[in-house]
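This is work08.txt (compact mmCIF, C-alpha atoms and all ligand atoms).
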```
# COMPACT_ATOMS: atom_id res chain seq x y z
CA MET A 90 14.85 60.36 55.93
CA PRO A 91 13.14 60.12 59.31
CA ARG A 92 9.87 58.29 59.70
CA SER A 93 8.91 60.58 62.54
CA SER A 94 6.67 63.55 62.10
CA SER A 95 9.29 66.02 63.37
CA ASP A 96 9.83 67.63 59.97
CA ASN A 97 6.22 67.45 58.94
CA PRO A 98 3.90 69.62 60.99
CA THR A 99 0.75 67.97 59.65
CA ALA A 100 1.70 64.37 60.44
CA ARG A 101 0.86 63.37 63.99
CA PHE A 102 2.14 59.91 64.58
CA SER A 103 5.35 57.95 64.33
CA PRO A 104 4.77 54.31 63.45
CA GLU A 105 6.80 51.73 65.27
CA LEU A 106 9.91 50.78 63.34
CA GLU A 107 11.26 47.24 63.78
CA ASP A 108 14.03 46.10 61.46
CA ALA A 109 12.54 48.02 58.57
CA ILE A 110 9.09 46.39 58.84
CA LEU A 111 6.40 48.75 60.04
CA THR A 112 3.88 47.35 62.47
CA VAL A 113 0.80 49.55 62.44
CA ASN A 114 -2.62 49.53 64.05
CA ALA A 115 -5.50 48.11 62.04
CA VAL A 116 -8.96 46.57 62.18
CA ALA A 117 -9.19 43.06 60.72
CA ALA A 118 -11.67 40.27 60.03
CA THR A 119 -10.57 36.95 61.51
CA SER A 120 -13.43 34.85 60.11
CA ALA A 121 -16.43 35.09 57.79
CA THR A 122 -18.86 35.40 60.67
CA GLY A 123 -17.09 37.05 63.61
CA PRO A 124 -16.82 40.74 64.42
CA LEU A 125 -13.85 42.79 63.21
CA VAL A 126 -11.07 43.07 65.79
CA ARG A 127 -8.38 45.61 66.55
CA THR A 128 -4.98 44.23 65.64
CA THR A 129 -1.78 45.21 63.86
CA VAL A 130 -0.58 44.65 60.30
CA GLU A 131 2.91 44.82 58.87
CA ARG A 132 3.86 47.16 56.07
CA ARG A 133 6.93 46.53 53.92
CA ASP A 134 9.95 48.77 54.13
CA LEU A 135 9.93 51.52 51.53
CA GLY A 136 11.28 50.48 48.15
CA PRO A 137 12.83 53.16 45.93
CA ARG A 138 9.46 54.12 44.43
CA ASP A 139 7.29 53.50 47.47
CA ILE A 140 5.33 55.98 49.54
CA LEU A 141 4.40 55.64 53.20
CA ILE A 142 0.95 57.13 53.71
CA GLU A 143 -0.43 58.15 57.08
CA ILE A 144 -4.09 57.26 56.57
CA ARG A 145 -6.68 59.75 57.83
CA TYR A 146 -9.96 58.36 56.50
CA ALA A 147 -11.08 55.08 54.94
CA GLY A 148 -14.45 54.60 53.29
CA ILE A 149 -16.60 51.49 53.75
CA CYS A 150 -17.46 49.86 50.42
CA HIS A 151 -19.98 47.09 49.93
CA SER A 152 -17.10 45.05 48.47
CA ASP A 153 -15.42 45.11 51.89
CA ILE A 154 -18.43 43.31 53.36
CA HIS A 155 -18.70 40.75 50.53
CA THR A 156 -14.99 40.04 50.90
CA VAL A 157 -14.69 39.62 54.67
CA ARG A 158 -17.79 37.42 54.71
CA GLY A 159 -16.25 35.10 52.12
CA GLU A 160 -19.02 35.81 49.59
CA TRP A 161 -16.54 36.48 46.76
CA GLY A 162 -14.26 33.51 47.39
CA ASP A 163 -11.80 32.18 49.92
CA VAL A 164 -10.18 34.66 52.26
CA ALA A 165 -6.79 34.46 53.97
CA TYR A 166 -7.74 35.59 57.49
CA PRO A 167 -6.89 37.77 59.26
CA LEU A 168 -7.64 40.35 56.58
CA THR A 169 -7.80 44.14 56.81
CA VAL A 170 -10.04 45.55 54.08
CA GLY A 171 -10.65 49.11 52.87
CA HIS A 172 -9.91 50.54 49.42
CA GLU A 173 -11.13 54.09 49.74
CA ILE A 174 -8.09 55.59 51.40
CA VAL A 175 -7.01 59.20 51.95
CA GLY A 176 -4.10 60.47 53.97
CA LEU A 177 -0.83 62.33 53.97
CA VAL A 178 2.51 61.34 52.54
CA ALA A 179 4.67 60.57 55.59
CA GLU A 180 7.80 59.34 53.83
CA VAL A 181 8.99 58.68 50.27
CA GLY A 182 11.52 56.30 48.74
CA PRO A 183 14.62 57.82 47.10
CA GLU A 184 13.29 57.59 43.52
CA VAL A 185 9.81 58.95 44.19
CA SER A 186 9.08 61.96 41.99
CA ARG A 187 5.31 62.33 41.83
CA HIS A 188 4.53 62.99 45.48
CA ALA A 189 6.27 64.71 48.40
CA VAL A 190 6.07 64.47 52.19
CA GLY A 191 2.97 66.27 53.44
CA ASP A 192 0.96 65.91 50.20
CA ARG A 193 -2.72 64.94 50.41
CA VAL A 194 -3.02 61.63 48.62
CA GLY A 195 -5.39 58.75 48.03
CA VAL A 196 -5.33 55.07 47.18
CA GLY A 197 -8.20 53.20 45.57
CA CYS A 198 -8.92 49.59 44.68
CA MET A 199 -5.53 48.57 43.26
CA VAL A 200 -1.93 49.04 44.33
CA ASN A 201 -0.07 47.53 41.39
CA SER A 202 -0.36 45.86 37.97
CA CYS A 203 2.06 44.25 35.48
CA ARG A 204 2.59 47.59 33.62
CA GLU A 205 3.60 45.67 30.47
CA CYS A 206 0.41 44.26 28.93
CA ALA A 207 -1.60 46.16 26.32
CA ASN A 208 -4.21 47.25 28.84
CA CYS A 209 -1.65 48.55 31.33
CA ARG A 210 0.16 50.43 28.58
CA ALA A 211 -3.17 51.94 27.55
CA GLY A 212 -3.69 53.29 31.08
CA GLN A 213 -6.36 50.69 31.86
CA GLU A 214 -4.50 49.02 34.72
CA GLN A 215 -7.78 47.86 36.25
CA TYR A 216 -8.06 45.48 33.30
CA CYS A 217 -4.43 44.29 33.53
CA GLU A 218 -4.22 41.07 31.51
CA ASN A 219 -2.07 39.55 34.23
CA GLY A 220 -4.43 40.70 36.98
CA ASN A 221 -4.06 43.93 38.94
CA THR A 222 -2.98 43.76 42.57
CA GLY A 223 -5.98 44.59 44.73
CA THR A 224 -5.48 46.91 47.70
CA TYR A 225 -6.51 44.08 50.00
CA GLY A 226 -6.69 40.31 49.75
CA SER A 227 -4.34 40.10 46.73
CA ILE A 228 -0.95 38.42 46.55
CA ASP A 229 1.64 41.21 46.45
CA ARG A 230 4.96 41.13 44.59
CA ASP A 231 6.69 39.88 47.74
CA GLY A 232 4.21 37.00 48.13
CA THR A 233 2.36 38.51 51.09
CA VAL A 234 -1.38 39.20 51.09
CA THR A 235 -2.17 42.89 50.66
CA GLN A 236 -3.87 44.58 53.61
CA GLY A 237 -6.23 47.51 53.10
CA GLY A 238 -7.04 50.88 54.52
CA TYR A 239 -8.75 50.24 57.86
CA SER A 240 -5.29 50.91 59.22
CA THR A 241 -3.10 53.82 60.29
CA HIS A 242 -0.53 53.49 57.48
CA ILE A 243 -0.02 51.87 54.11
CA VAL A 244 2.96 51.55 51.75
CA VAL A 245 2.12 51.92 48.05
CA ASP A 246 4.11 52.34 44.83
CA GLU A 247 3.92 55.98 43.77
CA ASP A 248 2.34 55.13 40.41
CA PHE A 249 -0.77 53.93 42.24
CA VAL A 250 -1.05 56.94 44.55
CA LEU A 251 -3.46 59.73 43.56
CA ARG A 252 -3.31 63.46 44.30
CA VAL A 253 -6.31 64.60 46.38
CA PRO A 254 -7.05 68.26 45.60
CA GLU A 255 -7.27 70.58 48.62
CA SER A 256 -10.79 71.72 47.77
CA ILE A 257 -12.31 68.28 48.39
CA PRO A 258 -13.11 67.88 52.11
CA TYR A 259 -10.77 65.24 53.49
CA GLU A 260 -13.33 62.73 54.74
CA ALA A 261 -15.49 63.20 51.65
CA ALA A 262 -12.56 62.42 49.36
CA ALA A 263 -12.33 58.81 50.53
CA PRO A 264 -15.41 57.37 48.77
CA LEU A 265 -14.31 58.94 45.48
CA LEU A 266 -11.45 56.41 45.31
CA CYS A 267 -13.85 53.50 44.70
CA ALA A 268 -17.46 54.68 44.44
CA GLY A 269 -16.43 57.84 42.57
CA ILE A 270 -14.29 56.21 39.90
CA THR A 271 -16.62 53.22 39.57
CA THR A 272 -19.38 55.54 38.44
CA TYR A 273 -17.29 58.21 36.69
CA SER A 274 -15.60 55.74 34.33
CA PRO A 275 -18.74 54.33 32.66
CA LEU A 276 -20.37 57.78 32.58
CA ALA A 277 -17.30 59.13 30.76
CA HIS A 278 -16.92 56.08 28.51
CA TRP A 279 -20.56 56.11 27.36
CA LYS A 280 -20.47 59.90 27.05
CA ALA A 281 -22.91 61.18 29.62
CA GLY A 282 -23.21 64.85 28.71
CA PRO A 283 -25.47 67.54 27.26
CA GLY A 284 -28.35 66.10 25.27
CA ARG A 285 -27.92 62.63 26.76
CA LYS A 286 -30.49 61.00 29.02
CA VAL A 287 -29.00 58.94 31.83
CA ALA A 288 -30.79 56.79 34.40
CA VAL A 289 -29.15 55.70 37.64
CA VAL A 290 -30.56 52.56 39.23
CA GLY A 291 -30.26 52.60 43.02
CA LEU A 292 -29.51 55.66 45.17
CA GLY A 293 -26.90 54.31 47.56
CA GLY A 294 -23.18 54.94 47.94
CA LEU A 295 -22.48 54.41 44.24
CA GLY A 296 -25.79 55.75 42.95
CA HIS A 297 -25.72 59.10 44.69
CA LEU A 298 -22.26 59.78 43.25
CA ALA A 299 -23.38 58.61 39.81
CA VAL A 300 -26.19 61.18 39.95
CA LYS A 301 -23.94 64.04 41.04
CA ILE A 302 -21.25 63.23 38.46
CA ALA A 303 -23.69 62.69 35.57
CA VAL A 304 -25.43 65.98 36.39
CA ALA A 305 -22.05 67.76 36.46
CA MET A 306 -21.22 66.25 33.06
CA GLY A 307 -24.36 67.92 31.72
CA ALA A 308 -26.63 64.91 31.26
CA GLU A 309 -30.35 64.85 32.03
CA VAL A 310 -30.52 62.42 34.94
CA THR A 311 -33.32 60.19 36.22
CA VAL A 312 -33.16 58.12 39.40
CA LEU A 313 -34.77 54.69 39.41
CA SER A 314 -35.14 53.54 43.01
CA GLN A 315 -37.29 50.91 44.64
CA THR A 316 -39.42 53.50 46.41
CA LEU A 317 -39.76 57.27 46.44
CA GLY A 318 -38.22 57.36 49.93
CA LYS A 319 -35.10 59.26 48.87
CA LYS A 320 -36.75 61.40 46.19
CA ASP A 321 -35.95 64.72 47.89
CA ASP A 322 -32.29 63.74 48.11
CA GLY A 323 -32.14 62.59 44.50
CA LEU A 324 -33.61 65.86 43.24
CA ALA A 325 -31.27 67.82 45.54
CA PHE A 326 -28.32 65.99 43.96
CA GLY A 327 -29.48 67.38 40.63
CA ALA A 328 -31.63 64.63 39.12
CA GLN A 329 -34.46 65.94 36.94
CA SER A 330 -36.82 63.10 37.73
CA TYR A 331 -37.21 60.21 40.14
CA HIS A 332 -39.27 57.07 39.71
CA ALA A 333 -40.12 54.08 41.86
CA THR A 334 -39.20 50.73 40.30
CA GLY A 335 -41.63 49.07 42.70
CA ASP A 336 -44.38 50.66 40.57
CA THR A 337 -44.81 48.72 37.29
CA ALA A 338 -46.23 51.84 35.63
CA THR A 339 -42.68 53.26 35.74
CA PHE A 340 -41.50 50.71 33.19
CA GLU A 341 -44.30 51.63 30.77
CA ALA A 342 -43.90 55.36 31.22
CA LEU A 343 -40.13 55.32 30.62
CA ARG A 344 -39.98 52.86 27.71
CA ASN A 345 -37.32 53.75 25.05
CA SER A 346 -36.15 56.76 27.07
CA PHE A 347 -32.48 56.53 27.98
CA ASP A 348 -29.13 56.59 26.22
CA LEU A 349 -27.42 55.10 29.24
CA ILE A 350 -28.56 53.28 32.36
CA VAL A 351 -26.02 52.81 35.16
CA ASN A 352 -27.09 49.96 37.43
CA THR A 353 -25.50 50.34 40.86
CA VAL A 354 -27.60 47.68 42.60
CA SER A 355 -25.79 44.54 43.70
CA ALA A 356 -28.99 42.50 44.09
CA PRO A 357 -30.45 40.74 41.02
CA ILE A 358 -32.69 42.94 38.84
CA ASP A 359 -35.06 42.18 35.97
CA ILE A 360 -32.59 42.94 33.16
CA ALA A 361 -35.20 42.71 30.39
CA ALA A 362 -37.40 45.31 32.02
CA TYR A 363 -34.50 47.76 32.28
CA LEU A 364 -33.22 47.06 28.75
CA ARG A 365 -36.60 48.12 27.36
CA LEU A 366 -36.04 51.57 28.86
CA LEU A 367 -33.12 52.15 26.47
CA ARG A 368 -33.58 54.06 23.24
CA LEU A 369 -31.62 53.50 20.01
CA ASP A 370 -28.03 52.38 20.70
CA GLY A 371 -28.58 52.69 24.41
CA THR A 372 -26.44 50.84 26.94
CA LEU A 373 -27.26 49.31 30.30
CA VAL A 374 -24.02 49.10 32.26
CA SER A 375 -23.77 47.25 35.55
CA VAL A 376 -21.35 48.38 38.23
CA GLY A 377 -23.21 46.61 41.02
CA ALA A 378 -22.22 42.96 41.28
CA PRO A 379 -24.88 40.42 42.21
CA PRO A 380 -23.22 37.10 43.12
CA GLU A 381 -25.55 35.05 40.89
CA PRO A 382 -25.63 35.13 37.04
CA LEU A 383 -28.40 37.29 35.51
CA PRO A 384 -30.57 35.98 32.66
CA VAL A 385 -30.31 38.33 29.66
CA PRO A 386 -33.05 37.82 27.05
CA VAL A 387 -31.40 38.49 23.70
CA PHE A 388 -34.64 39.75 22.12
CA ALA A 389 -34.53 42.69 24.51
CA LEU A 390 -31.10 43.53 23.02
CA PHE A 391 -32.32 43.31 19.40
CA GLY A 392 -34.79 46.14 19.84
CA ASN A 393 -33.07 49.53 19.50
CA ARG A 394 -29.68 47.76 19.04
CA ARG A 395 -29.18 47.81 22.80
CA SER A 396 -26.09 46.77 24.73
CA PHE A 397 -25.64 45.22 28.15
CA ALA A 398 -22.21 45.96 29.60
CA GLY A 399 -20.10 45.92 32.73
CA SER A 400 -17.45 48.29 33.99
CA SER A 401 -14.84 47.97 36.72
CA ILE A 402 -13.39 51.02 38.54
CA GLY A 403 -11.05 53.00 36.25
CA GLY A 404 -7.38 53.39 35.39
CA ILE A 405 -5.00 55.47 37.48
CA ALA A 406 -4.94 58.40 35.04
CA GLU A 407 -8.74 58.38 34.83
CA THR A 408 -9.00 58.22 38.62
CA GLN A 409 -6.87 61.36 38.83
CA GLU A 410 -9.05 62.96 36.15
CA MET A 411 -12.13 62.08 38.25
CA LEU A 412 -10.65 63.62 41.42
CA ASP A 413 -9.73 66.81 39.55
CA PHE A 414 -13.19 66.92 37.95
CA CYS A 415 -14.90 66.54 41.34
CA ALA A 416 -12.67 69.25 42.84
CA GLU A 417 -13.41 71.64 39.97
CA ARG A 418 -17.15 71.00 40.02
CA GLY A 419 -17.52 70.92 43.81
CA ILE A 420 -18.71 67.31 43.85
CA ALA A 421 -18.36 65.40 47.09
CA PRO A 422 -20.14 62.36 48.46
CA GLU A 423 -22.46 62.58 51.45
CA VAL A 424 -20.67 60.82 54.29
CA GLU A 425 -21.26 59.68 57.84
CA VAL A 426 -17.99 59.58 59.80
CA ILE A 427 -17.62 56.76 62.33
CA GLY A 428 -14.97 55.45 64.72
CA ALA A 429 -12.95 52.28 64.24
CA ASP A 430 -15.07 50.39 66.76
CA GLU A 431 -18.30 51.10 64.88
CA VAL A 432 -17.48 49.23 61.68
CA ASP A 433 -19.52 46.09 62.45
CA GLU A 434 -22.58 48.19 63.14
CA ALA A 435 -21.93 50.18 59.98
CA TYR A 436 -21.78 46.95 57.94
CA GLU A 437 -25.23 45.97 59.25
CA ARG A 438 -26.56 49.39 58.32
CA VAL A 439 -25.05 49.17 54.82
CA LEU A 440 -26.80 45.83 54.34
CA ARG A 441 -30.09 47.45 55.40
CA SER A 442 -29.42 50.43 53.07
CA ASP A 443 -29.54 52.57 56.21
CA VAL A 444 -26.81 55.06 55.33
CA ARG A 445 -26.89 58.42 53.59
CA TYR A 446 -24.72 57.72 51.71
CA ARG A 447 -21.30 56.37 52.60
CA PHE A 448 -19.62 55.46 55.88
CA VAL A 449 -16.11 56.77 56.37
CA ILE A 450 -13.87 55.61 59.23
CA ASP A 451 -11.95 58.32 61.10
CA ILE A 452 -8.59 56.57 61.29
CA ASP A 453 -7.44 58.84 64.11
CA THR A 454 -9.63 56.59 66.31
CA LEU A 455 -7.17 53.74 65.57
CA ARG A 456 -4.01 55.53 66.74
ZN ZN A 501 -15.15 49.45 46.56
ZN ZN A 502 -0.94 44.55 32.86
```
What do you get writing this file as structure tokens?
Amino acid sequence: MPRSSSDNPTARFSPELEDAILTVNAVAATSATGPLVRTTVERRDLGPRDILIEIRYAGICHSDIHTVRGEWGDVAYPLTVGHEIVGLVAEVGPEVSRHAVGDRVGVGCMVNSCRECANCRAGQEQYCENGNTGTYGSIDRDGTVTQGGYSTHIVVDEDFVLRVPESIPYEAAAPLLCAGITTYSPLAHWKAGPGRKVAVVGLGGLGHLAVKIAVAMGAEVTVLSQTLGKKDDGLAFGAQSYHATGDTATFEALRNSFDLIVNTVSAPIDIAAYLRLLRLDGTLVSVGAPPEPLPVPVFALFGNRRSFAGSSIGGIAETQEMLDFCAERGIAPEVEVIGADEVDEAYERVLRSDVRYRFVIDIDTLR
């Protein structure tokens, strides 16, 4: 099967083929402090169940920034990050059955897992007991370090490639692959729905999707944000109320109110204050990841039999379910599309919370 785009009218680019290794354009970090640079990365030759994806858009996740800056551990530089990937199938291995050339597809935070442990067999590959293979910065089966989506192409096993429904705008589909599933999974697990009161802490990339998804699930949604600066947006996304956490009166007024609180903030928060907002059997689930441990006062858990929990992305089947749900319900993130040379500036803006609500890189600017 040819790698060229000649038999695929929607693919535009033929990657360079050298002895079966693909060398493709990418943006990479070369140190914890320097700017990202344009470079190339190598993609493995297609195995029988592999798919070559021509990437069109890649979202910028806060995790990308933590990772390249070495805040989550040692990094093997140079590293290309990006785990919110959408594109087109450019070529398939001979045993691929789930996707065909020309299909709109996506890749999220993982590209493999052991497939044999109890969690993998239960469709919870993100919790693989032997560790899932992250889309970037993980050791792949062949011993190389995985390289992410700020790149023109990627090769991924078909079982970790998602279908992206046509009705989701292409660039808006990218953030669903991490931010979307990260919020959908706990909302589904803790049964956000009619008659349930859900609070979303933080209205950023994750938070704005949490609001839209929880509203679509039928829950009554409240936004808890530091200030009222984004109140109009929060209400436009479907939230019924919006409160400033900078105002201590908020914590009195909303005591014992919620069945579920989804914390999307990656800075430390006062856990006890938020726990007291939960009513009987309520759960506070964190999807934001502050680097330091949080003190959890157990007495705040005793009252109302509350739980404090964490949640990490979602399994592959659930990620597909999320994409189909978003397509059906017309849910898409708010995105700002940038070029490949604007990523450093975008990182600074993410750190200042100066984005409404997710940056997405137009990968055509890398070709
Ligand atoms: Zn992410
Ligand atoms: Zn496993």
Next on the checklist: Could you tell me how far atom CA of Cys267 of chain A sits from atom CA of Ala305 of chain A, in Å to one decimal place?
Outcome noted: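 Atom CA of Cys267 of chain A lies at a distance of 18.4 Å from atom CA of Ala305 of chain A.
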Checklist entry - Mind listing the residues within 9 Å of ligand ZN 501 (chain A), only C-alpha atoms and all ligand atoms counted, as a PyMOL selection string? => result chain A and resi 148-153+171-173+197-198+264+266-268+271+402
Item to check | Shell of 9 Å around ligand ZN 502 (chain A) (only C-alpha atoms and all ligand atoms), written as number ranges by chain | outcome: A: 202-210, 213-221
Keeping only C-alpha atoms, take the residues you just selected and write them out as a short mmCIF file (atom, residue, chain, number, x, y, z; two decimals), keeping the file's coordinate frame.
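The resulting file, selection_10.cif, is reproduced below:
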```
data_model
loop_
_atom_site.label_atom_id
_atom_site.label_comp_id
_atom_site.auth_asym_id
_atom_site.auth_seq_id
_atom_site.Cartn_x
_atom_site.Cartn_y
_atom_site.Cartn_z
CA SER A 202 -0.36 45.86 37.97
CA CYS A 203 2.06 44.25 35.48
CA ARG A 204 2.59 47.59 33.62
CA GLU A 205 3.60 45.67 30.47
CA CYS A 206 0.41 44.26 28.93
CA ALA A 207 -1.60 46.16 26.32
CA ASN A 208 -4.21 47.25 28.84
CA CYS A 209 -1.65 48.55 31.33
CA ARG A 210 0.16 50.43 28.58
CA GLN A 213 -6.36 50.69 31.86
CA GLU A 214 -4.50 49.02 34.72
CA GLN A 215 -7.78 47.86 36.25
CA TYR A 216 -8.06 45.48 33.30
CA CYS A 217 -4.43 44.29 33.53
CA GLU A 218 -4.22 41.07 31.51
CA ASN A 219 -2.07 39.55 34.23
CA GLY A 220 -4.43 40.70 36.98
CA ASN A 221 -4.06 43.93 38.94
#
```
Could you list as a short mmCIF file (atom, residue, chain, number, x, y, z; two decimals) with C-alpha atoms, in the coordinates of the input every residue that has an atom within 9 Å of (-38.3, 47.5, 22.1), using the file's coordinates and counting only C-alpha atoms?
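This is the output file part.cif:
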```cif
data_model
loop_
_atom_site.label_atom_id
_atom_site.label_comp_id
_atom_site.auth_asym_id
_atom_site.auth_seq_id
_atom_site.Cartn_x
_atom_site.Cartn_y
_atom_site.Cartn_z
CA ARG A 344 -39.98 52.86 27.71
CA ASN A 345 -37.32 53.75 25.05
CA LEU A 364 -33.22 47.06 28.75
CA ARG A 365 -36.60 48.12 27.36
CA LEU A 366 -36.04 51.57 28.86
CA LEU A 367 -33.12 52.15 26.47
CA ARG A 368 -33.58 54.06 23.24
CA PHE A 388 -34.64 39.75 22.12
CA ALA A 389 -34.53 42.69 24.51
CA LEU A 390 -31.10 43.53 23.02
CA PHE A 391 -32.32 43.31 19.40
CA GLY A 392 -34.79 46.14 19.84
CA ASN A 393 -33.07 49.53 19.50
#
```
Item to check | Nearby residues (all atoms listed in the file) at most 10 Å from Gly176 of chain A, same-chain spacing under 6 positions excluded, as a PyMOL selection string | outcome: chain A and resi 100+141-147+191-196+241-243+253+259-260+262-263+452
Next on the checklist: Counting only C-alpha atoms, which residue out of A:Leu251, A:Pro379, A:Val157, A:Gly123 sits closest to Val178 of chain A?
Outcome noted: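 With only C-alpha atoms as the atom set, the closest residue is A:Leu251.
Nearest to Asp359 of chain A of all the residues A:Thr222, A:Thr334, A:Val374, A:Arg395 is A:Thr334, counting all atoms listed in the file.
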Checklist entry - Using only C-alpha atoms, which of the listed residues (A:Leu349, A:Val190, A:Ala342, A:Ala333) sits closest to Ala308 of chain A? => result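 Ranked by minimum distance to Ala308 of chain A, first place goes to A:Leu349.
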Checklist entry - What is the distance, in Å and to one decimal place, between atom CA of Val185 of chain A and atom CA of Gln409 of chain A? => result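 Computed distance, atom CA of Val185 of chain A to atom CA of Gln409 of chain A, equals 17.7 Å.
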Item to check | Distance criterion (only C-alpha atoms): nearest to Lys301 of chain A out of A:Pro258, A:Gly159, A:Gly327, A:Gly284 | outcome: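 When distances to Lys301 of chain A are compared using only C-alpha atoms, the smallest one comes from A:Gly327.
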Checklist entry - What does the distance from atom CA of Met306 of chain A to atom CA of Cys415 of chain A come to in Å, to one decimal? => result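 These two atoms are separated by 10.4 Å.
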Checklist entry - Which one of A:Val310, A:Leu295, A:Val304, A:Leu276 sits closest to Arg418 of chain A if you count only C-alpha atoms? => result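 Closest to Arg418 of chain A of all the choices is A:Val304.
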Checklist outcome for this item: Using all atoms listed in the file, the residue out of A:Thr112, A:Thr156, A:Thr372, A:Asn201 with shortest distance to Arg138 of chain A is A:Asn201
Kindly provide, as AutoDock Vina command-line options, the centre and edge lengths (Å, one decimal) of an axis-aligned box around all atoms of segment 434-444 of chain A given in the file, with 8 Å on each side.
```
--center_x -25.9 --center_y 50.4 --center_z 58.1 --size_x 24.3 --size_y 25.2 --size_z 26.1
```
With only C-alpha atoms as the counted atoms, please give the residues lying no more than 8 Å from Val426 of chain A, apart from itself and same-chain residues fewer than 5 positions off, as an mmCIF file with C-alpha atoms, in the coordinates of the input.
```cif
data_model
loop_
_atom_site.group_PDB
_atom_site.id
_atom_site.type_symbol
_atom_site.label_atom_id
_atom_site.label_comp_id
_atom_site.auth_asym_id
_atom_site.auth_seq_id
_atom_site.Cartn_x
_atom_site.Cartn_y
_atom_site.Cartn_z
ATOM 1 C CA GLU A 260 -13.330 62.730 54.740
ATOM 2 C CA PHE A 448 -19.620 55.460 55.880
ATOM 3 C CA VAL A 449 -16.110 56.770 56.370
ATOM 4 C CA ILE A 450 -13.870 55.610 59.230
ATOM 5 C CA ASP A 451 -11.950 58.320 61.100
#
```
